[in-house]
Every structure is written in C-alpha cells, then in structure tokens.
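coords_17.pdb (PDB, C-alpha atoms and all ligand atoms)
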ATOM      1  CA  MET C   1      33.215   2.379   5.714
ATOM      2  CA  GLY C   2      35.326   3.084   8.813
ATOM      3  CA  ALA C   3      35.300   0.618  11.703
ATOM      4  CA  LEU C   4      33.325   3.020  13.885
ATOM      5  CA  MET C   5      30.662   3.663  11.277
ATOM      6  CA  GLU C   6      30.458  -0.016  10.610
ATOM      7  CA  SER C   7      29.763  -0.842  14.230
ATOM      8  CA  ALA C   8      27.141   1.942  14.421
ATOM      9  CA  ASP C   9      25.538   0.418  11.349
ATOM     10  CA  GLN C  10      25.583  -3.014  13.001
ATOM     11  CA  ASN C  11      23.633  -1.594  15.943
ATOM     12  CA  ASN C  12      21.004  -0.275  13.568
ATOM     13  CA  ILE C  13      20.224  -3.689  12.148
ATOM     14  CA  VAL C  14      16.848  -4.978  13.217
ATOM     15  CA  LEU C  15      16.652  -8.084  11.068
ATOM     16  CA  GLU C  16      19.301 -10.070   9.277
ATOM     17  CA  LEU C  17      18.821 -13.062   7.006
ATOM     18  CA  LYS C  18      21.955 -15.104   6.381
ATOM     19  CA  ASN C  19      22.117 -17.595   3.551
ATOM     20  CA  ILE C  20      18.567 -18.946   3.832
ATOM     21  CA  ASN C  21      17.804 -22.178   2.002
ATOM     22  CA  LYS C  22      14.348 -23.662   1.761
ATOM     23  CA  SER C  23      12.945 -26.405  -0.460
ATOM     24  CA  TYR C  24       9.603 -28.139  -0.807
ATOM     25  CA  ASN C  25      10.679 -31.530  -2.124
ATOM     26  CA  GLU C  26      12.324 -30.833  -5.504
ATOM     27  CA  ASN C  27      11.227 -27.201  -5.472
ATOM     28  CA  ARG C  28      14.234 -25.166  -4.307
ATOM     29  CA  VAL C  29      12.478 -21.951  -3.357
ATOM     30  CA  HIS C  30      15.324 -20.165  -1.500
ATOM     31  CA  ARG C  31      18.923 -20.848  -2.504
ATOM     32  CA  GLY C  32      21.003 -18.604  -0.276
ATOM     33  CA  ILE C  33      18.936 -15.520   0.569
ATOM     34  CA  SER C  34      20.735 -12.840   2.581
ATOM     35  CA  PHE C  35      19.736  -9.293   3.437
ATOM     36  CA  LYS C  36      19.394  -6.844   6.325
ATOM     37  CA  VAL C  37      16.678  -4.497   7.481
ATOM     38  CA  ARG C  38      17.707  -1.447   9.488
ATOM     39  CA  LYS C  39      15.853   0.503  12.149
ATOM     40  CA  GLY C  40      13.176   2.760  10.692
ATOM     41  CA  GLU C  41      13.670   1.365   7.249
ATOM     42  CA  CYS C  42      11.147  -0.031   4.809
ATOM     43  CA  LEU C  43      12.618  -2.672   2.522
ATOM     44  CA  GLY C  44      10.565  -3.358  -0.609
ATOM     45  CA  LEU C  45      10.710  -7.024  -1.557
ATOM     46  CA  LEU C  46       9.856  -7.662  -5.188
ATOM     47  CA  GLY C  47       9.841 -10.752  -7.363
ATOM     48  CA  GLY C  48       7.655 -12.619  -9.815
ATOM     49  CA  SER C  49       4.765 -14.776  -8.640
ATOM     50  CA  GLY C  50       5.997 -17.949  -6.962
ATOM     51  CA  THR C  51       9.544 -16.686  -6.290
ATOM     52  CA  GLY C  52       9.097 -17.272  -2.553
ATOM     53  CA  LYS C  53       8.267 -13.866  -1.079
ATOM     54  CA  SER C  54       5.412 -15.105   1.099
ATOM     55  CA  VAL C  55       7.378 -18.179   2.167
ATOM     56  CA  LEU C  56      10.207 -15.871   3.234
ATOM     57  CA  LEU C  57       7.926 -13.696   5.362
ATOM     58  CA  ARG C  58       6.368 -16.804   6.890
ATOM     59  CA  SER C  59       9.833 -18.150   7.673
ATOM     60  CA  ILE C  60      10.777 -14.949   9.494
ATOM     61  CA  ILE C  61       7.920 -15.327  11.983
ATOM     62  CA  GLY C  62       8.353 -19.069  12.265
ATOM     63  CA  LEU C  63       5.292 -20.248  10.350
ATOM     64  CA  GLU C  64       7.723 -22.170   8.100
ATOM     65  CA  TYR C  65      10.989 -23.867   8.961
ATOM     66  CA  ILE C  66      14.046 -22.976   6.924
ATOM     67  CA  ASP C  67      16.348 -25.825   5.839
ATOM     68  CA  SER C  68      19.552 -23.914   6.572
ATOM     69  CA  GLY C  69      20.834 -20.423   7.238
ATOM     70  CA  GLU C  70      20.191 -18.016  10.097
ATOM     71  CA  ILE C  71      17.566 -15.415  10.874
ATOM     72  CA  LEU C  72      18.590 -12.803  13.464
ATOM     73  CA  PHE C  73      16.295 -10.266  15.091
ATOM     74  CA  HIS C  74      18.175  -7.642  17.119
ATOM     75  CA  LYS C  75      21.187  -9.990  16.808
ATOM     76  CA  ASN C  76      19.380 -13.004  18.321
ATOM     77  CA  ARG C  77      18.633 -16.179  16.377
ATOM     78  CA  ILE C  78      14.895 -16.518  15.848
ATOM     79  CA  ASP C  79      14.850 -19.453  13.423
ATOM     80  CA  THR C  80      15.479 -21.866  16.285
ATOM     81  CA  LEU C  81      12.824 -20.617  18.725
ATOM     82  CA  SER C  82      10.228 -22.871  20.362
ATOM     83  CA  GLU C  83       6.511 -22.404  19.627
ATOM     84  CA  LYS C  84       6.135 -20.647  22.967
ATOM     85  CA  GLU C  85       8.969 -18.236  22.209
ATOM     86  CA  LEU C  86       7.542 -17.636  18.748
ATOM     87  CA  LEU C  87       4.243 -16.470  20.246
ATOM     88  CA  LYS C  88       6.195 -13.827  22.149
ATOM     89  CA  LEU C  89       8.215 -12.894  19.077
ATOM     90  CA  ARG C  90       5.030 -12.287  17.097
ATOM     91  CA  LEU C  91       4.240  -9.352  19.392
ATOM     92  CA  THR C  92       7.310  -7.510  18.121
ATOM     93  CA  ILE C  93       7.339  -8.813  14.558
ATOM     94  CA  SER C  94       3.912  -8.886  13.025
ATOM     95  CA  TYR C  95       2.732 -10.272   9.756
ATOM     96  CA  SER C  96      -0.009  -8.679   7.716
ATOM     97  CA  PHE C  97      -1.311 -11.636   5.704
ATOM     98  CA  GLN C  98      -1.850 -11.595   1.952
ATOM     99  CA  SER C  99      -5.518 -12.217   2.806
ATOM    100  CA  GLY C 100      -7.004 -10.345   5.791
ATOM    101  CA  ALA C 101      -6.967 -13.528   7.924
ATOM    102  CA  LEU C 102      -9.507 -12.195  10.404
ATOM    103  CA  PHE C 103     -11.400 -14.370  12.857
ATOM    104  CA  ASP C 104     -14.726 -14.901  11.069
ATOM    105  CA  SER C 105     -16.902 -15.530  14.093
ATOM    106  CA  ILE C 106     -16.130 -12.275  15.934
ATOM    107  CA  ASN C 107     -16.700  -8.668  14.863
ATOM    108  CA  VAL C 108     -14.168  -6.026  13.835
ATOM    109  CA  TYR C 109     -13.842  -4.654  17.364
ATOM    110  CA  GLU C 110     -13.159  -8.084  18.848
ATOM    111  CA  ASN C 111     -10.657  -8.898  16.119
ATOM    112  CA  LEU C 112      -8.653  -5.799  16.995
ATOM    113  CA  ALA C 113      -9.149  -6.084  20.763
ATOM    114  CA  TYR C 114      -8.028  -9.685  20.955
ATOM    115  CA  PRO C 115      -4.240  -9.136  21.040
ATOM    116  CA  LEU C 116      -4.630  -6.153  23.372
ATOM    117  CA  TYR C 117      -6.612  -8.133  25.944
ATOM    118  CA  GLU C 118      -4.305 -11.098  25.549
ATOM    119  CA  HIS C 119      -0.991  -9.276  25.862
ATOM    120  CA  THR C 120      -1.399  -5.865  27.509
ATOM    121  CA  GLY C 121      -2.767  -4.639  30.798
ATOM    122  CA  HIS C 122      -4.837  -1.913  29.108
ATOM    123  CA  SER C 123      -8.248  -1.078  30.541
ATOM    124  CA  ASP C 124     -11.457  -1.529  28.497
ATOM    125  CA  LYS C 125     -11.535   2.233  27.931
ATOM    126  CA  GLU C 126      -7.913   2.380  26.731
ATOM    127  CA  ILE C 127      -8.560  -0.502  24.357
ATOM    128  CA  ALA C 128     -11.765   1.062  23.050
ATOM    129  CA  ASP C 129      -9.943   4.370  22.420
ATOM    130  CA  LYS C 130      -7.063   2.659  20.688
ATOM    131  CA  ILE C 131      -9.422   0.770  18.404
ATOM    132  CA  LYS C 132     -11.447   3.867  17.647
ATOM    133  CA  ASN C 133      -8.285   5.703  16.590
ATOM    134  CA  MET C 134      -7.082   2.774  14.540
ATOM    135  CA  LEU C 135     -10.405   2.452  12.696
ATOM    136  CA  LYS C 136     -10.283   6.146  11.921
ATOM    137  CA  LEU C 137      -6.750   5.745  10.542
ATOM    138  CA  ILE C 138      -7.843   2.980   8.192
ATOM    139  CA  GLY C 139     -10.982   4.800   7.093
ATOM    140  CA  LEU C 140     -13.393   2.420   8.830
ATOM    141  CA  GLU C 141     -14.750   4.652  11.562
ATOM    142  CA  GLY C 142     -17.803   3.245  13.327
ATOM    143  CA  LYS C 143     -17.423  -0.257  11.882
ATOM    144  CA  GLU C 144     -16.750  -1.855  15.285
ATOM    145  CA  ASN C 145     -19.778  -4.150  15.241
ATOM    146  CA  ILE C 146     -19.545  -5.395  11.669
ATOM    147  CA  MET C 147     -18.662  -9.054  11.083
ATOM    148  CA  PRO C 148     -15.706  -9.725   8.762
ATOM    149  CA  SER C 149     -17.962 -11.508   6.243
ATOM    150  CA  ASP C 150     -19.978  -8.291   5.831
ATOM    151  CA  LEU C 151     -16.885  -6.274   4.856
ATOM    152  CA  SER C 152     -15.501  -5.990   1.322
ATOM    153  CA  GLY C 153     -12.190  -7.713   0.596
ATOM    154  CA  GLY C 154     -10.400  -4.355   0.724
ATOM    155  CA  MET C 155     -11.926  -3.513   4.084
ATOM    156  CA  GLN C 156     -10.995  -6.914   5.518
ATOM    157  CA  LYS C 157      -7.476  -6.307   4.375
ATOM    158  CA  ARG C 158      -7.293  -2.959   6.121
ATOM    159  CA  VAL C 159      -8.624  -4.454   9.355
ATOM    160  CA  GLY C 160      -5.997  -7.197   9.031
ATOM    161  CA  MET C 161      -3.326  -4.535   8.697
ATOM    162  CA  ALA C 162      -4.697  -2.646  11.667
ATOM    163  CA  ARG C 163      -4.511  -5.827  13.707
ATOM    164  CA  ALA C 164      -0.880  -6.274  12.688
ATOM    165  CA  MET C 165      -0.095  -2.733  13.814
ATOM    166  CA  ILE C 166      -2.143  -2.375  16.954
ATOM    167  CA  MET C 167       0.521  -3.923  19.203
ATOM    168  CA  ASN C 168       3.115  -1.414  17.921
ATOM    169  CA  PRO C 169       5.570  -4.052  16.701
ATOM    170  CA  ASP C 170       9.206  -3.183  15.885
ATOM    171  CA  LEU C 171       8.922  -4.819  12.489
ATOM    172  CA  VAL C 172       5.910  -5.386  10.271
ATOM    173  CA  LEU C 173       5.887  -7.775   7.349
ATOM    174  CA  TYR C 174       3.349  -6.626   4.771
ATOM    175  CA  ASP C 175       2.349  -9.240   2.231
ATOM    176  CA  GLU C 176       0.802  -7.423  -0.748
ATOM    177  CA  PRO C 177      -1.261  -5.018   1.372
ATOM    178  CA  THR C 178      -2.502  -3.050  -1.641
ATOM    179  CA  ALA C 179      -3.385  -5.982  -3.914
ATOM    180  CA  GLY C 180      -7.021  -5.893  -4.970
ATOM    181  CA  LEU C 181      -7.673  -2.433  -3.496
ATOM    182  CA  ASP C 182      -9.156   0.471  -5.443
ATOM    183  CA  PRO C 183      -6.942   3.571  -5.903
ATOM    184  CA  VAL C 184      -8.408   5.447  -2.923
ATOM    185  CA  ASN C 185      -7.948   2.531  -0.544
ATOM    186  CA  THR C 186      -4.482   1.895  -1.936
ATOM    187  CA  LEU C 187      -3.576   5.448  -0.917
ATOM    188  CA  ASN C 188      -5.178   4.911   2.512
ATOM    189  CA  VAL C 189      -3.100   1.818   3.082
ATOM    190  CA  ILE C 190       0.130   3.462   1.939
ATOM    191  CA  ASP C 191      -0.662   6.385   4.171
ATOM    192  CA  LEU C 192      -1.138   4.048   7.112
ATOM    193  CA  MET C 193       2.180   2.352   6.390
ATOM    194  CA  ALA C 194       3.903   5.740   6.114
ATOM    195  CA  LYS C 195       2.503   6.841   9.492
ATOM    196  CA  PHE C 196       3.706   3.655  11.063
ATOM    197  CA  LYS C 197       7.164   4.176   9.629
ATOM    198  CA  THR C 198       7.652   7.664  11.100
ATOM    199  CA  ASP C 199       7.761   6.030  14.538
ATOM    200  CA  GLY C 200      11.178   4.523  13.750
ATOM    201  CA  ARG C 201       9.623   1.157  13.048
ATOM    202  CA  SER C 202      10.851  -1.129  10.310
ATOM    203  CA  ALA C 203       9.020  -2.982   7.596
ATOM    204  CA  ILE C 204       9.355  -5.428   4.761
ATOM    205  CA  PHE C 205       6.887  -4.594   2.031
ATOM    206  CA  VAL C 206       6.191  -7.440  -0.382
ATOM    207  CA  THR C 207       4.363  -6.088  -3.389
ATOM    208  CA  HIS C 208       3.791  -6.114  -7.131
ATOM    209  CA  ASP C 209       2.781  -2.446  -6.829
ATOM    210  CA  ILE C 210       6.008  -0.756  -7.911
ATOM    211  CA  PRO C 211       4.807   2.869  -7.564
ATOM    212  CA  ALA C 212       3.741   2.101  -3.974
ATOM    213  CA  ALA C 213       7.104   0.473  -3.202
ATOM    214  CA  VAL C 214       9.003   3.407  -4.693
ATOM    215  CA  LYS C 215       6.925   5.871  -2.718
ATOM    216  CA  LEU C 216       7.268   4.152   0.632
ATOM    217  CA  CYS C 217      10.510   2.207   0.661
ATOM    218  CA  ASP C 218      14.087   3.198   1.387
ATOM    219  CA  ARG C 219      15.615   0.228  -0.354
ATOM    220  CA  ILE C 220      14.443  -2.418  -2.787
ATOM    221  CA  ALA C 221      15.399  -6.095  -2.930
ATOM    222  CA  ILE C 222      14.411  -8.395  -5.785
ATOM    223  CA  ILE C 223      14.197 -12.180  -5.490
ATOM    224  CA  ASP C 224      14.861 -14.219  -8.589
ATOM    225  CA  GLU C 225      15.637 -17.920  -8.879
ATOM    226  CA  GLY C 226      15.967 -18.300  -5.133
ATOM    227  CA  LYS C 227      18.489 -15.502  -4.643
ATOM    228  CA  ILE C 228      18.506 -11.787  -3.964
ATOM    229  CA  PHE C 229      19.257 -10.597  -7.438
ATOM    230  CA  PHE C 230      19.224  -6.865  -6.644
ATOM    231  CA  GLU C 231      19.427  -4.903  -3.377
ATOM    232  CA  ASP C 232      19.916  -1.162  -3.333
ATOM    233  CA  THR C 233      18.353   2.241  -2.731
ATOM    234  CA  VAL C 234      15.134   3.227  -4.465
ATOM    235  CA  ASP C 235      17.083   5.720  -6.601
ATOM    236  CA  LYS C 236      19.483   3.034  -7.811
ATOM    237  CA  PHE C 237      16.492   0.807  -8.498
ATOM    238  CA  LYS C 238      14.732   3.466 -10.560
ATOM    239  CA  ASN C 239      17.852   4.280 -12.549
ATOM    240  CA  SER C 240      19.145   0.754 -13.051
ATOM    241  CA  ASN C 241      20.011  -0.350 -16.574
ATOM    242  CA  ASP C 242      19.747  -4.020 -15.754
ATOM    243  CA  PRO C 243      17.111  -5.590 -18.025
ATOM    244  CA  LEU C 244      15.583  -7.679 -15.218
ATOM    245  CA  VAL C 245      15.310  -4.651 -12.919
ATOM    246  CA  LYS C 246      13.893  -2.552 -15.757
ATOM    247  CA  LYS C 247      11.232  -5.179 -16.368
ATOM    248  CA  PHE C 248       9.650  -4.197 -13.053
ATOM    249  CA  MET C 249       9.273  -0.615 -14.278
ATOM    250  CA  VAL C 250       7.289  -1.493 -17.425
ATOM    251  CA  ASN C 251       3.949   0.363 -17.526
ATOM    252  CA  THR C 252       4.441   1.982 -14.122
ATOM    253  CA  GLY C 253       5.345   5.440 -15.392
ATOM    254  CA  ILE C 254       8.696   5.295 -13.567
TER
HETATM  255  N1  LIG M   1       3.206 -25.129   2.103
HETATM  256  C1  LIG M   1       3.772 -25.317   0.912
HETATM  257  N2  LIG M   1       4.021 -26.564   0.447
HETATM  258  C2  LIG M   1       4.619 -26.755  -0.745
HETATM  259  N3  LIG M   1       5.005 -25.772  -1.561
HETATM  260  C3  LIG M   1       4.784 -24.507  -1.164
HETATM  261  C4  LIG M   1       4.158 -24.212   0.084
HETATM  262  N4  LIG M   1       4.071 -22.875   0.219
HETATM  263  C5  LIG M   1       4.617 -22.362  -0.894
HETATM  264  N5  LIG M   1       5.049 -23.318  -1.724
HETATM  265  C6  LIG M   1       5.737 -23.124  -3.012
HETATM  266  O1  LIG M   1       6.809 -22.222  -2.792
HETATM  267  C7  LIG M   1       6.964 -21.341  -3.900
HETATM  268  C8  LIG M   1       6.951 -19.912  -3.438
HETATM  269  O2  LIG M   1       5.630 -19.577  -3.002
HETATM  270  P1  LIG M   1       5.266 -18.132  -2.429
HETATM  271  O3  LIG M   1       3.851 -18.214  -2.005
HETATM  272  O4  LIG M   1       6.266 -17.731  -1.418
HETATM  273  O5  LIG M   1       5.414 -17.203  -3.710
HETATM  274  P2  LIG M   1       5.246 -15.613  -3.805
HETATM  275  O6  LIG M   1       6.540 -15.046  -4.238
HETATM  276  O7  LIG M   1       4.678 -15.106  -2.533
HETATM  277  O8  LIG M   1       4.178 -15.466  -4.999
HETATM  278  P3  LIG M   1       2.974 -14.369  -5.202
HETATM  279  O9  LIG M   1       3.635 -13.126  -5.699
HETATM  280  O10 LIG M   1       2.122 -15.016  -6.256
HETATM  281  O11 LIG M   1       2.277 -14.219  -3.896
HETATM  282  C9  LIG M   1       5.864 -21.707  -4.900
HETATM  283  O12 LIG M   1       6.420 -22.565  -5.860
HETATM  284  C10 LIG M   1       4.849 -22.421  -4.041
HETATM  285  O13 LIG M   1       4.143 -23.364  -4.805
HETATM  286 MG    MG M   2       2.858 -14.271  -1.983
END
Would you mind writing the file out in structure tokens?
Amino acid sequence: MGALMESADQNNIVLELKNINKSYNENRVHRGISFKVRKGECLGLLGGSGTGKSVLLRSIIGLEYIDSGEILFHKNRIDTLSEKELLKLRLTISYSFQSGALFDSINVYENLAYPLYEHTGHSDKEIADKIKNMLKLIGLEGKENIMPSDLSGGMQKRVGMARAMIMNPDLVLYDEPTAGLDPVNTLNVIDLMAKFKTDGRSAIFVTHDIPAAVKLCDRIAIIDEGKIFFEDTVDKFKNSNDPLVKKFMVNTGI
C-alpha cells in the first residue's frame, strides 16, 4: 500500500483493538486480540462457545475492564473513560445484547422511547413517528403497548435490536442477534442489519450463524485460544483450506 492510500485507510478506521488481554483469575480469555473495523463495514466475529466474543463486545463499551491493550474509537482511547464518559460513548456505540435486555416494567413503546427522551430534543410526535417506523421495520407494527413479558423471545430480541439502533449509532455490536429465531425472523433481523449498514454505519456481528455472517459481513474474524486466528474477506473465508476455518463451514451449505 502506498503512503497516501495508507493514510486514507487510517481515516476510515472507526474502531481499533490493540493487543487486548483479559483474564478472569486463571482463565486467560483474551491473549493479545487486535483488529480494526472500518467505516461502513460489518465485521463478522466467530469463535466457539466460551472463546470470549461476548466479553470482547462488553469490553468495547466499557462493561468490562481489559487488563492491558488499547481500544480506540475514531482514534481516541475509550478503554480508559470514566463512567460518565462511557454513558456518552454508548450513544454512538451501541450493544445489542445476547438476550433482549429490555426493561420489564415498561411497555415496548417506553423501552424504545427511553433513550430518545433522555438524549435528544425530539418532540413527542417525532418520537412516536420514529418508533412507529422502527416497529414496522422489525415486523412488530402496532405492538407499542405490549409488555416485554408478553412477547416471544424472538420478538424481545428484535425490540432489543431496535433499541440499539434507534439512536443511529456509528457502530453497533450485535451479540448473536439471530440465535433462537425462526427462519422468517432470522431474515427480518438480517434485513434490518443490512438496512442499517447502507447508512455507512459499522458493525461487529458476533454469531454462530455462518450463512448470515457470509451474507451480511465484509470481513470475518475468528477467535481461538484468546487470539484472532483468522481475519480476512468473506471470499477468503469461504475459500480457505485451513482445517479450523473449514470447520465453521460444516453443514452450512457453503
Ligand atoms: N463476569 C465473568 N466472570 C468470570 N468469568 C467470566 C465472566 N464473563 C465471562 N467469563 C468467562 O469468559 C469466557 C468467555 O465468555 P464469553 O461469554 O465471552 O464467551 P462467548 O464466546 O460469548 O460464548 P458463546 O458463543 O457461548 O456466547 C468464558 O470462559 C466465561 O466463563
Ligand atoms: Mg456470547
């Protein structure tokens, strides 16, 4: 790469992880994780159960402390932010939890409205319109007044995703958004993620759903034994001869 191209590439980097280490007592979960996410890019993050994908996403938004390394968002360190600064950061980086993580005591509308009332100057009407559109996008039109406990797991998940997207963050971290969904809802969710991506927004997509990752992502990274074992384009991923990479393709029709 020429120096000019390299610096243009540097400007495109939204998130950079540099040599992240994280242990829970003897359990060395991350042993030098490094990767970058560029503007408008979806990075698929794969790895077996317990390899530290969720911990990594939680570390990015400051719900976990890393032991060493650096996390940069638009070139600024975010692993050293105060709680107050983290609250602000979570408006531009949002995390769609592995579970829906909705507030149980308030209805769907209030769950979605909460961040808008808290952090924008939108009028009631603007908020209502935004929520109506969002519910339509996730296939839950008219469900404003339903309580989270009266929704199926798949529906709760979609509302959780909607809540992560409603503030139009620069970067969304999706933790297994399609897990436990039926095929139709899986397509709905992927569709929603694809729409979000066309806005030039970036994402990390943690999933065991390889066809979904291949469909949506630009690049794939695989965590194994605390390190990024593979990081490349979806094409290189699909055509890799590495036995560990190929293991992810078993029974997926790829
Ligand atoms: N708060 C915690 N305290 C102690 N250990 C933890 C904590 N959170 C996670 N771990 C451990 O860190 C490791 C990575 O967990 P993590 O949830 O990130 O895995 P994962 O890759 O997301 O797995 P899955 O695909 O099953 O969701 C596991 O060994 C887990 O037991
Ligand atoms: Mg997980």
Hey, what's within 9 Å of Leu140 of chain C if we count only C-alpha atoms and toss same-chain stuff fewer than 4 positions away? As a VMD selection string, please? chain C and resid 134 to 136 144 155 158 to 159
Under the rule of at most 7 Å, produce a per-residue listing of chain C near ligand LIG 1 (chain M): chain, number, name, the closest pair of atoms, and the distance in Å, as CSV, using all atoms listed in the file.
residue,atom,partner,partner_atom,distance
C:Tyr24,CA,M:LIG1,C2,5.2
C:Asn27,CA,M:LIG1,O12,6.7
C:Val29,CA,M:LIG1,C7,5.6
C:Gly47,CA,M:LIG1,O6,6.3
C:Gly48,CA,M:LIG1,O9,5.8
C:Ser49,CA,M:LIG1,O9,3.6
C:Gly50,CA,M:LIG1,O5,3.4
C:Thr51,CA,M:LIG1,O6,4.0
C:Gly52,CA,M:LIG1,O4,3.1
C:Lys53,CA,M:LIG1,O6,3.8
C:Ser54,CA,M:LIG1,O7,3.7
C:Val55,CA,M:LIG1,O4,3.8
C:Leu56,CA,M:LIG1,O4,6.4
Residue IDs satisfying the PyMOL selection byres (((chain C and resi 165-182) around 8) and not hetatm), as an NGL selection string: :C and (14 or 54 or 57 or 91-98 or 112 or 115-116 or 130 or 134 or 153-154 or 157-158 or 161-164 or 183-186 or 189-190 or 196 or 201-209)
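Across C:Arg38, C:Lys132, C:Lys246, C:Lys227, the tightest approach to Ile20 of chain C is made by C:Lys227 when counting only C-alpha atoms.
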Between C:Ile78, C:Leu15, C:Ala101, C:Ile210, single out the one closest to Tyr65 of chain C, counting all atoms listed in the file.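 Smallest separation from Tyr65 of chain C among the options: C:Ile78.
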Resolved residues for the PyMOL selection byres (((chain C and resi 34) around 9) and not hetatm) as a list of chain:residue names: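 Going through the file, the PyMOL selection byres (((chain C and resi 34) around 9) and not hetatm) ends up selecting C:Glu16, C:Leu17, C:Lys18, C:Asn19, C:Ile20, C:Gly32, C:Ile33, C:Phe35, C:Lys36, C:Gly69, C:Lys227, C:Ile228.
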Residues from last step as file, C-alpha atoms, as a PDB file, in the frame of the given file:
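Dumped everything to out.pdb:
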ATOM      1  CA  GLU C  16      19.301 -10.070   9.277  1.00  0.00           C
ATOM      2  CA  LEU C  17      18.821 -13.062   7.006  1.00  0.00           C
ATOM      3  CA  LYS C  18      21.955 -15.104   6.381  1.00  0.00           C
ATOM      4  CA  ASN C  19      22.117 -17.595   3.551  1.00  0.00           C
ATOM      5  CA  ILE C  20      18.567 -18.946   3.832  1.00  0.00           C
ATOM      6  CA  GLY C  32      21.003 -18.604  -0.276  1.00  0.00           C
ATOM      7  CA  ILE C  33      18.936 -15.520   0.569  1.00  0.00           C
ATOM      8  CA  PHE C  35      19.736  -9.293   3.437  1.00  0.00           C
ATOM      9  CA  LYS C  36      19.394  -6.844   6.325  1.00  0.00           C
ATOM     10  CA  GLY C  69      20.834 -20.423   7.238  1.00  0.00           C
ATOM     11  CA  LYS C 227      18.489 -15.502  -4.643  1.00  0.00           C
ATOM     12  CA  ILE C 228      18.506 -11.787  -3.964  1.00  0.00           C
TER      13      ILE C 228
END
Here is a test: counting all atoms listed in the file, which residue of C:Glu70, C:Leu46, C:Asn188, C:Glu126 is nearest to ligand MG 2 (chain M)?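 Closest to ligand MG 2 (chain M), using all atoms listed in the file: C:Leu46.
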For the PyMOL selection byres (((chain C and resi 252) around 10) and not hetatm), applied here, can you spell out every residue it catches as a ChimeraX atom specification? /C:209-211,248-251,253-254
For segment 32-45 of chain C, I'd like the enclosing box, axis-aligned and padded by 6 Å on every side, reported as lines of an AutoDock Vina configuration file with centre and edge lengths in Å to one decimal.
center_x = 15.8
center_y = -7.9
center_z = 5.3
size_x = 22.4
size_y = 33.4
size_z = 25.7
In Å, rounded to a single decimal, give me how far atom CA of Asp9 of chain C is from atom CA of Glu231 of chain C. 16.8 Å
